[in-house]
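Working notes for the structure below.
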Amino acid sequence: MELALELRERRFGEPQQTAHGTIGSRELIEITLTDDDGVSGRGEAAPLESYDGIATDTVLSALDAYRAVCATPSMPGGPILIDRCREVADLPQALAAIDIALWDLAGQRAGKPVCALLAEHPASEIAVNATISATAPDAAAAAASEAIRAGYDCIKLKVGVGDDLERVRSVREAIGPHPRLRLDANGAWSVERAAELLDAMGAFGLELVEEPVRGLRAMAQLRDRVAVRIAIDESAALPGAMTARVADAVCLKISRCGGIGALLAAAALVRSSGAEVYLSSTYDGPLGIAAALHAAAALAPLPPCGLATLELFAEGPSPLPVVAGRIALRTAPGLGI
């Protein structure tokens, strides 16, 4: 099997502001796996150093090392190939690219979309949230209002920078009482600060708060002190997080989990602990978003997922457009991209 790599940069229409810093563009690594019959599958690696601490060059080195594994004569595909790659470099972001490409390849061979290989009755569309990163309260309120007019019924507001309380107040007043409002602090707050803010913000009808603090112990301490539902994101990468029972929900990401197969396994662990699952992206490209949508379709029903991020890039129309707050699954073989 032949492995080809391509480094791509995608620029945002407007810089994305998070507690990790401001992001103006994304470097993504697209791969193509071609088997001996000439059938190809495509995958994507989406490291984001400010978020997961993994540099693009580190992932490129791992993928380059996988070439020899993929080229081994008579090397079977699927789990065995993933295991052999893991022996060379155990890096989830790189393994995710291989896993996604193998699922795309399997779908091409079977003439079915990936979700049909994952579940007998996958969902045909996935509800998604709009992501608002503007720091000024009036700008955040305007962006949230526009998203509601476009058909979204769930808003995720980035917090942890600027006047969080006033921004949340402005957004809730702008969108009215019914749409879901969730916050994403990217671990910016201390337990004391998070408890103080969330007590004040409880009046604004929050669906949940994602990664308000860092670490499983801090998350457990905060959860005992506030009434708002807590979700973990960055902390989900920590050992034992899937069954730690420190949060009401766990945000899973294709890149961090190591691909579709590993994400589905993680989701089973989370659900066995009694917590809820939803999916999000690290500003992935079309291949990564497509992979996450197929996984979400197999796991449905789910709360709204953070997979509407292709809309944030400055490039042309998204190949996976959001219509009335939902993204339809592509029915073409493989990922459909």
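Within each chain, counting starts at residue 1; across the structure tokens, chains are named A, B, ... in the order shown, with ligands numbered 1 upward in that order.
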Extract, using only C-alpha atoms, all DNA, RNA and protein residues at most 9 Å from range 266-279 of chain A, discarding same-chain residues fewer than 2 positions from it, and format them as a ChimeraX atom specification. /A:231,241-245,247-254,257,261-264,281,292-293,295-296,299,302-307
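The nearest approach to Arg84 in chain A among the residues A:Arg229, A:Ala101, A:Tyr66, A:Glu210, with only C-alpha atoms taken into account, belongs to A:Tyr66.
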Cut-off 8 Å: closest range 90-137 of chain A/range 2-20 of chain A atom pairs per residue, using only C-alpha atoms, as a tab-separated table:
residue	atom	partner	partner_atom	distance
A:Ser133	CA	A:Gln17	CA	5.3
A:Ala134	CA	A:Gln17	CA	6.7
A:Thr135	CA	A:Gln17	CA	7.4
Serialized selection, N, CA and C atoms, as a compact mmCIF listing (two decimals), in the first residue's frame:
# COMPACT_ATOMS: atom_id res chain seq x y z
N SER A 133 -16.67 33.28 18.61
CA SER A 133 -15.40 33.55 19.29
C SER A 133 -15.16 35.03 19.56
N ALA A 134 -16.07 35.89 19.10
CA ALA A 134 -15.89 37.33 19.29
C ALA A 134 -15.81 37.67 20.78
N THR A 135 -14.87 38.56 21.14
CA THR A 135 -14.69 38.90 22.55
C THR A 135 -15.53 40.09 23.00
If we count only C-alpha atoms and set the cut-off at 12 Å, which residues sit around Glu166 in chain A, ignoring sequence neighbours fewer than 3 positions away in its own chain? Please answer as a short mmCIF file (atom, residue, chain, number, x, y, z; two decimals) with N, CA and C atoms, in the first residue's frame.
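The resulting file, result_7.cif, is shown below:
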data_model
loop_
_atom_site.label_atom_id
_atom_site.label_comp_id
_atom_site.auth_asym_id
_atom_site.auth_seq_id
_atom_site.Cartn_x
_atom_site.Cartn_y
_atom_site.Cartn_z
N THR A 135 -14.87 38.56 21.14
CA THR A 135 -14.69 38.90 22.55
C THR A 135 -15.53 40.09 23.00
N ALA A 136 -15.86 41.01 22.10
CA ALA A 136 -16.68 42.17 22.48
C ALA A 136 -18.13 41.73 22.62
N PRO A 137 -18.81 42.08 23.71
CA PRO A 137 -20.19 41.63 23.92
C PRO A 137 -21.14 41.94 22.77
N ASP A 138 -21.05 43.16 22.20
CA ASP A 138 -21.97 43.51 21.12
C ASP A 138 -21.69 42.70 19.86
N ALA A 139 -20.41 42.44 19.56
CA ALA A 139 -20.07 41.64 18.39
C ALA A 139 -20.50 40.19 18.58
N ALA A 140 -20.33 39.66 19.79
CA ALA A 140 -20.76 38.28 20.07
C ALA A 140 -22.27 38.16 19.95
N ALA A 141 -22.99 39.16 20.46
CA ALA A 141 -24.45 39.13 20.38
C ALA A 141 -24.92 39.18 18.94
N VAL A 159 -15.37 31.54 25.91
CA VAL A 159 -15.16 32.40 27.06
C VAL A 159 -13.74 32.18 27.59
N VAL A 161 -11.75 34.82 28.03
CA VAL A 161 -11.04 36.04 27.60
C VAL A 161 -12.01 37.21 27.70
N GLY A 162 -11.52 38.35 28.16
CA GLY A 162 -12.36 39.53 28.22
C GLY A 162 -13.42 39.43 29.32
N ASP A 163 -14.49 40.20 29.15
CA ASP A 163 -15.58 40.27 30.14
C ASP A 163 -16.57 39.15 29.85
N ARG A 169 -24.26 37.49 29.02
CA ARG A 169 -25.52 38.22 29.19
C ARG A 169 -26.01 38.78 27.85
N SER A 170 -25.10 39.39 27.09
CA SER A 170 -25.48 40.01 25.82
C SER A 170 -25.97 38.97 24.82
N VAL A 171 -25.30 37.84 24.77
CA VAL A 171 -25.69 36.80 23.82
C VAL A 171 -27.06 36.23 24.19
N ARG A 172 -27.29 35.95 25.48
CA ARG A 172 -28.59 35.40 25.86
C ARG A 172 -29.71 36.39 25.57
N GLU A 173 -29.49 37.65 25.84
CA GLU A 173 -30.52 38.65 25.53
C GLU A 173 -30.78 38.74 24.04
N LEU A 197 -18.14 32.64 38.56
CA LEU A 197 -18.77 33.03 37.30
C LEU A 197 -20.00 32.18 36.99
N ALA A 200 -23.07 33.12 38.80
CA ALA A 200 -23.68 34.33 38.23
C ALA A 200 -24.33 34.06 36.89
N MET A 201 -23.72 33.18 36.11
CA MET A 201 -24.21 32.90 34.77
C MET A 201 -25.38 31.91 34.75
N PHE A 204 -28.68 32.64 33.12
CA PHE A 204 -28.80 32.77 31.66
C PHE A 204 -29.12 31.46 30.96
#
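Interatomic distance, CA of Lys158 in chain A against CA of Glu146 in chain A: 16.3 Å.
Using only C-alpha atoms for every distance, the candidate list A:Leu208, A:Pro92, A:Thr32, A:Pro79 yields A:Pro92 as the residue closest to Arg256 in chain A.
The shortest atom-to-atom distance to Asp37 in chain A, with only C-alpha atoms taken into account, belongs to A:Leu105 out of A:Ala96, A:Val69, A:Leu105, A:Leu60.
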Given only C-alpha atoms as the basis, pick out the residue of A:Ala324, A:Leu33, A:Leu183, A:Ala265 nearest to Ile230 in chain A. A:Leu183
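Our summary of the geometry notes that CA of Leu320 in chain A is positioned 28.9 Å from CA of Ala62 in chain A.
Here the strand (DSSP E or B) residues in range 36-218 of chain A, by DSSP on the backbone, are Ser40, Gly41, Arg42, Gly43, Glu44, Ala45, Pro113, Glu125, Ile126, Ala127, Val128, Ala130, Thr131, Ile132, Cys154, Ile155, Lys156, Leu157, Lys158, Arg180, Leu181, Arg182, Leu183, Asp184, Leu208, Val209 and Glu210 of chain A.
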Since we have the selection now, will you write its residues out, keeping C-alpha atoms, as a short mmCIF file (atom, residue, chain, number, x, y, z; two decimals), in the first residue's frame?
data_model
loop_
_atom_site.label_atom_id
_atom_site.label_comp_id
_atom_site.auth_asym_id
_atom_site.auth_seq_id
_atom_site.Cartn_x
_atom_site.Cartn_y
_atom_site.Cartn_z
CA SER A 40 -7.47 5.02 -2.77
CA GLY A 41 -8.70 6.30 0.55
CA ARG A 42 -8.00 9.73 2.01
CA GLY A 43 -7.43 10.83 5.58
CA GLU A 44 -6.40 13.88 7.54
CA ALA A 45 -4.15 14.72 10.47
CA PRO A 113 -20.71 5.46 2.91
CA GLU A 125 -28.05 14.28 9.39
CA ILE A 126 -26.29 15.67 12.45
CA ALA A 127 -27.37 18.70 14.50
CA VAL A 128 -24.50 21.14 15.00
CA ALA A 130 -22.62 27.60 15.91
CA THR A 131 -19.31 28.72 17.43
CA ILE A 132 -18.93 32.36 18.48
CA CYS A 154 -27.47 25.82 19.74
CA ILE A 155 -24.78 28.47 20.29
CA LYS A 156 -21.32 27.72 21.70
CA LEU A 157 -19.71 30.86 23.05
CA LYS A 158 -15.97 31.00 23.63
CA ARG A 180 -29.36 26.27 23.74
CA LEU A 181 -26.37 28.24 24.99
CA ARG A 182 -23.17 26.44 25.91
CA LEU A 183 -19.83 27.93 26.91
CA ASP A 184 -16.29 26.80 26.14
CA LEU A 208 -23.42 23.13 29.69
CA VAL A 209 -19.94 24.56 30.19
CA GLU A 210 -17.09 22.87 28.34
#
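Rounded to one decimal, CA of Gly288 in chain A and CA of Pro321 in chain A lie 14.4 Å from each other.
Counting only C-alpha atoms, the residue from A:Val39, A:Cys70, A:Ala332, A:Ile80 that sits nearest to Arg109 in chain A is A:Val39.
Compared by their closest atoms to Ala188 in chain A, and using only C-alpha atoms, the residues A:Gly160, A:Gly259, A:Gly334, A:Pro239 rank with A:Gly160 nearest.
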Give me the residues near Asp57 in chain A as an MDAnalysis selection string, where near means some atom within 12 Å (using only C-alpha atoms) and where sequence neighbours in that chain fewer than 3 positions away do not count. chainID A and resid 7 27:29 45:49 53:54 60:64 93:94
Do a neighbour search on Leu198 in chain A at 10 Å with only C-alpha atoms, toss out local chain neighbours closer than 3 positions, and write the hits as a PyMOL selection string. chain A and resi 165+193-195+201-204+206+209+212+222+225-228
Which parts of range 84-277 of chain A does DSSP call helix (DSSP H, G or I) when run on the backbone here, written out as an NGL selection string? :A and (84-88 or 92-110 or 114-118 or 137-149 or 164-175 or 191-204 or 216-223 or 234-237 or 241-243 or 254-257 or 260-272)
So that I have them on file, write out the residues from the current selection with C-alpha atoms, as a short mmCIF file (atom, residue, chain, number, x, y, z; two decimals), in the first residue's frame.
data_model
loop_
_atom_site.label_atom_id
_atom_site.label_comp_id
_atom_site.auth_asym_id
_atom_site.auth_seq_id
_atom_site.Cartn_x
_atom_site.Cartn_y
_atom_site.Cartn_z
CA ARG A 84 1.94 -1.73 13.27
CA CYS A 85 1.93 2.04 12.77
CA ARG A 86 1.38 2.53 16.50
CA GLU A 87 4.47 0.42 17.21
CA VAL A 88 6.49 2.86 15.08
CA PRO A 92 -3.08 9.78 17.92
CA GLN A 93 -3.09 12.70 15.48
CA ALA A 94 -1.01 10.70 12.96
CA LEU A 95 -2.87 7.43 13.57
CA ALA A 96 -6.16 9.27 12.97
CA ALA A 97 -5.09 10.08 9.42
CA ILE A 98 -4.31 6.42 8.69
CA ASP A 99 -7.54 5.23 10.31
CA ILE A 100 -9.70 7.73 8.40
CA ALA A 101 -8.05 6.77 5.10
CA LEU A 102 -8.61 3.07 5.80
CA TRP A 103 -12.32 3.65 6.48
CA ASP A 104 -12.58 5.74 3.30
CA LEU A 105 -10.85 2.95 1.38
CA ALA A 106 -13.18 0.33 2.89
CA GLY A 107 -16.19 2.39 1.86
CA GLN A 108 -14.85 2.78 -1.67
CA ARG A 109 -14.41 -0.98 -1.95
CA ALA A 110 -17.85 -1.74 -0.52
CA VAL A 114 -18.56 4.95 5.99
CA CYS A 115 -21.49 5.39 8.37
CA ALA A 116 -23.22 2.39 6.75
CA LEU A 117 -20.16 0.31 7.64
CA LEU A 118 -20.31 1.52 11.25
CA PRO A 137 -20.19 41.63 23.92
CA ASP A 138 -21.97 43.51 21.12
CA ALA A 139 -20.07 41.64 18.39
CA ALA A 140 -20.76 38.28 20.07
CA ALA A 141 -24.45 39.13 20.38
CA ALA A 142 -24.66 40.13 16.72
CA ALA A 143 -22.93 36.91 15.59
CA ALA A 144 -25.19 34.78 17.77
CA SER A 145 -28.31 36.50 16.43
CA GLU A 146 -27.15 35.88 12.87
CA ALA A 147 -26.61 32.19 13.66
CA ILE A 148 -30.12 31.86 15.06
CA ARG A 149 -31.54 33.50 11.93
CA ASP A 164 -17.14 36.81 30.15
CA LEU A 165 -20.19 37.67 32.23
CA GLU A 166 -21.22 40.63 30.10
CA ARG A 167 -20.65 38.66 26.88
CA VAL A 168 -22.84 35.78 28.06
CA ARG A 169 -25.52 38.22 29.19
CA SER A 170 -25.48 40.01 25.82
CA VAL A 171 -25.69 36.80 23.82
CA ARG A 172 -28.59 35.40 25.86
CA GLU A 173 -30.52 38.65 25.53
CA ALA A 174 -29.88 38.65 21.79
CA ILE A 175 -31.00 35.07 21.08
CA VAL A 191 -11.95 26.41 40.39
CA GLU A 192 -12.74 29.49 42.49
CA ARG A 193 -13.18 31.77 39.49
CA ALA A 194 -15.26 29.20 37.61
CA ALA A 195 -17.56 28.69 40.60
CA GLU A 196 -18.02 32.44 40.98
CA LEU A 197 -18.77 33.03 37.30
CA LEU A 198 -21.02 30.02 36.84
CA ASP A 199 -23.10 30.94 39.87
CA ALA A 200 -23.68 34.33 38.23
CA MET A 201 -24.21 32.90 34.77
CA GLY A 202 -26.73 30.29 35.92
CA ALA A 203 -29.48 32.83 35.41
CA PHE A 204 -28.80 32.77 31.66
CA LEU A 216 -9.90 15.75 36.36
CA ARG A 217 -9.46 16.62 40.04
CA ALA A 218 -10.31 20.29 39.48
CA MET A 219 -13.28 19.26 37.36
CA ALA A 220 -14.64 17.04 40.14
CA GLN A 221 -14.20 19.83 42.69
CA LEU A 222 -16.05 22.32 40.50
CA ARG A 223 -18.86 19.92 39.64
CA GLU A 234 -8.94 18.94 26.74
CA SER A 235 -9.03 16.96 30.00
CA ALA A 236 -10.53 14.03 28.10
CA ALA A 237 -6.99 13.26 26.89
CA ALA A 241 -10.82 10.37 31.76
CA MET A 242 -13.38 8.33 29.80
CA THR A 243 -14.70 6.66 32.95
CA ILE A 254 -11.36 12.38 15.89
CA SER A 255 -7.81 13.76 15.96
CA ARG A 256 -7.28 13.41 19.71
CA CYS A 257 -8.85 9.93 19.86
CA ILE A 260 -12.98 6.79 13.90
CA GLY A 261 -12.49 3.35 15.45
CA ALA A 262 -10.82 4.70 18.58
CA LEU A 263 -13.46 7.41 18.96
CA LEU A 264 -16.28 4.85 18.87
CA ALA A 265 -14.47 2.81 21.54
CA ALA A 266 -14.04 5.93 23.69
CA ALA A 267 -17.73 6.77 23.28
CA ALA A 268 -18.69 3.31 24.57
CA LEU A 269 -16.56 3.84 27.68
CA VAL A 270 -18.05 7.28 28.33
CA ARG A 271 -21.59 6.01 27.99
CA SER A 272 -20.86 3.08 30.28
#
Find the residues around Pro73 in chain A up to 12 Å (only C-alpha atoms counted), leave out those fewer than 5 positions away in its own chain, and share them as a PyMOL selection string. chain A and resi 1-2+35-36+68+81
Dump as a PDB file, in the first residue's frame, selection limited to N, CA and C atoms:
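selection03.pdb, freshly written:
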ATOM      1  N   MET A   1       0.858  -1.187   0.000  1.00  0.00           N
ATOM      2  CA  MET A   1       0.000   0.000   0.000  1.00  0.00           C
ATOM      3  C   MET A   1       0.898   1.243   0.000  1.00  0.00           C
ATOM      4  N   GLU A   2       0.557   2.218  -0.814  1.00  0.00           N
ATOM      5  CA  GLU A   2       1.371   3.429  -0.936  1.00  0.00           C
ATOM      6  C   GLU A   2       0.745   4.567  -0.141  1.00  0.00           C
ATOM      7  N   ASP A  35      -4.129   1.161  -2.511  1.00  0.00           N
ATOM      8  CA  ASP A  35      -3.811  -0.268  -2.408  1.00  0.00           C
ATOM      9  C   ASP A  35      -3.284  -0.801  -3.735  1.00  0.00           C
ATOM     10  N   ASP A  36      -2.969  -2.091  -3.753  1.00  0.00           N
ATOM     11  CA  ASP A  36      -2.356  -2.701  -4.934  1.00  0.00           C
ATOM     12  C   ASP A  36      -3.291  -2.738  -6.132  1.00  0.00           C
ATOM     13  N   ALA A  68       6.978   3.048   5.465  1.00  0.00           N
ATOM     14  CA  ALA A  68       7.582   1.715   5.349  1.00  0.00           C
ATOM     15  C   ALA A  68       6.619   0.636   5.821  1.00  0.00           C
ATOM     16  N   LEU A  81      -2.770  -2.967  10.461  1.00  0.00           N
ATOM     17  CA  LEU A  81      -1.944  -1.876   9.960  1.00  0.00           C
ATOM     18  C   LEU A  81      -1.854  -0.748  10.986  1.00  0.00           C
TER      19      LEU A  81
END
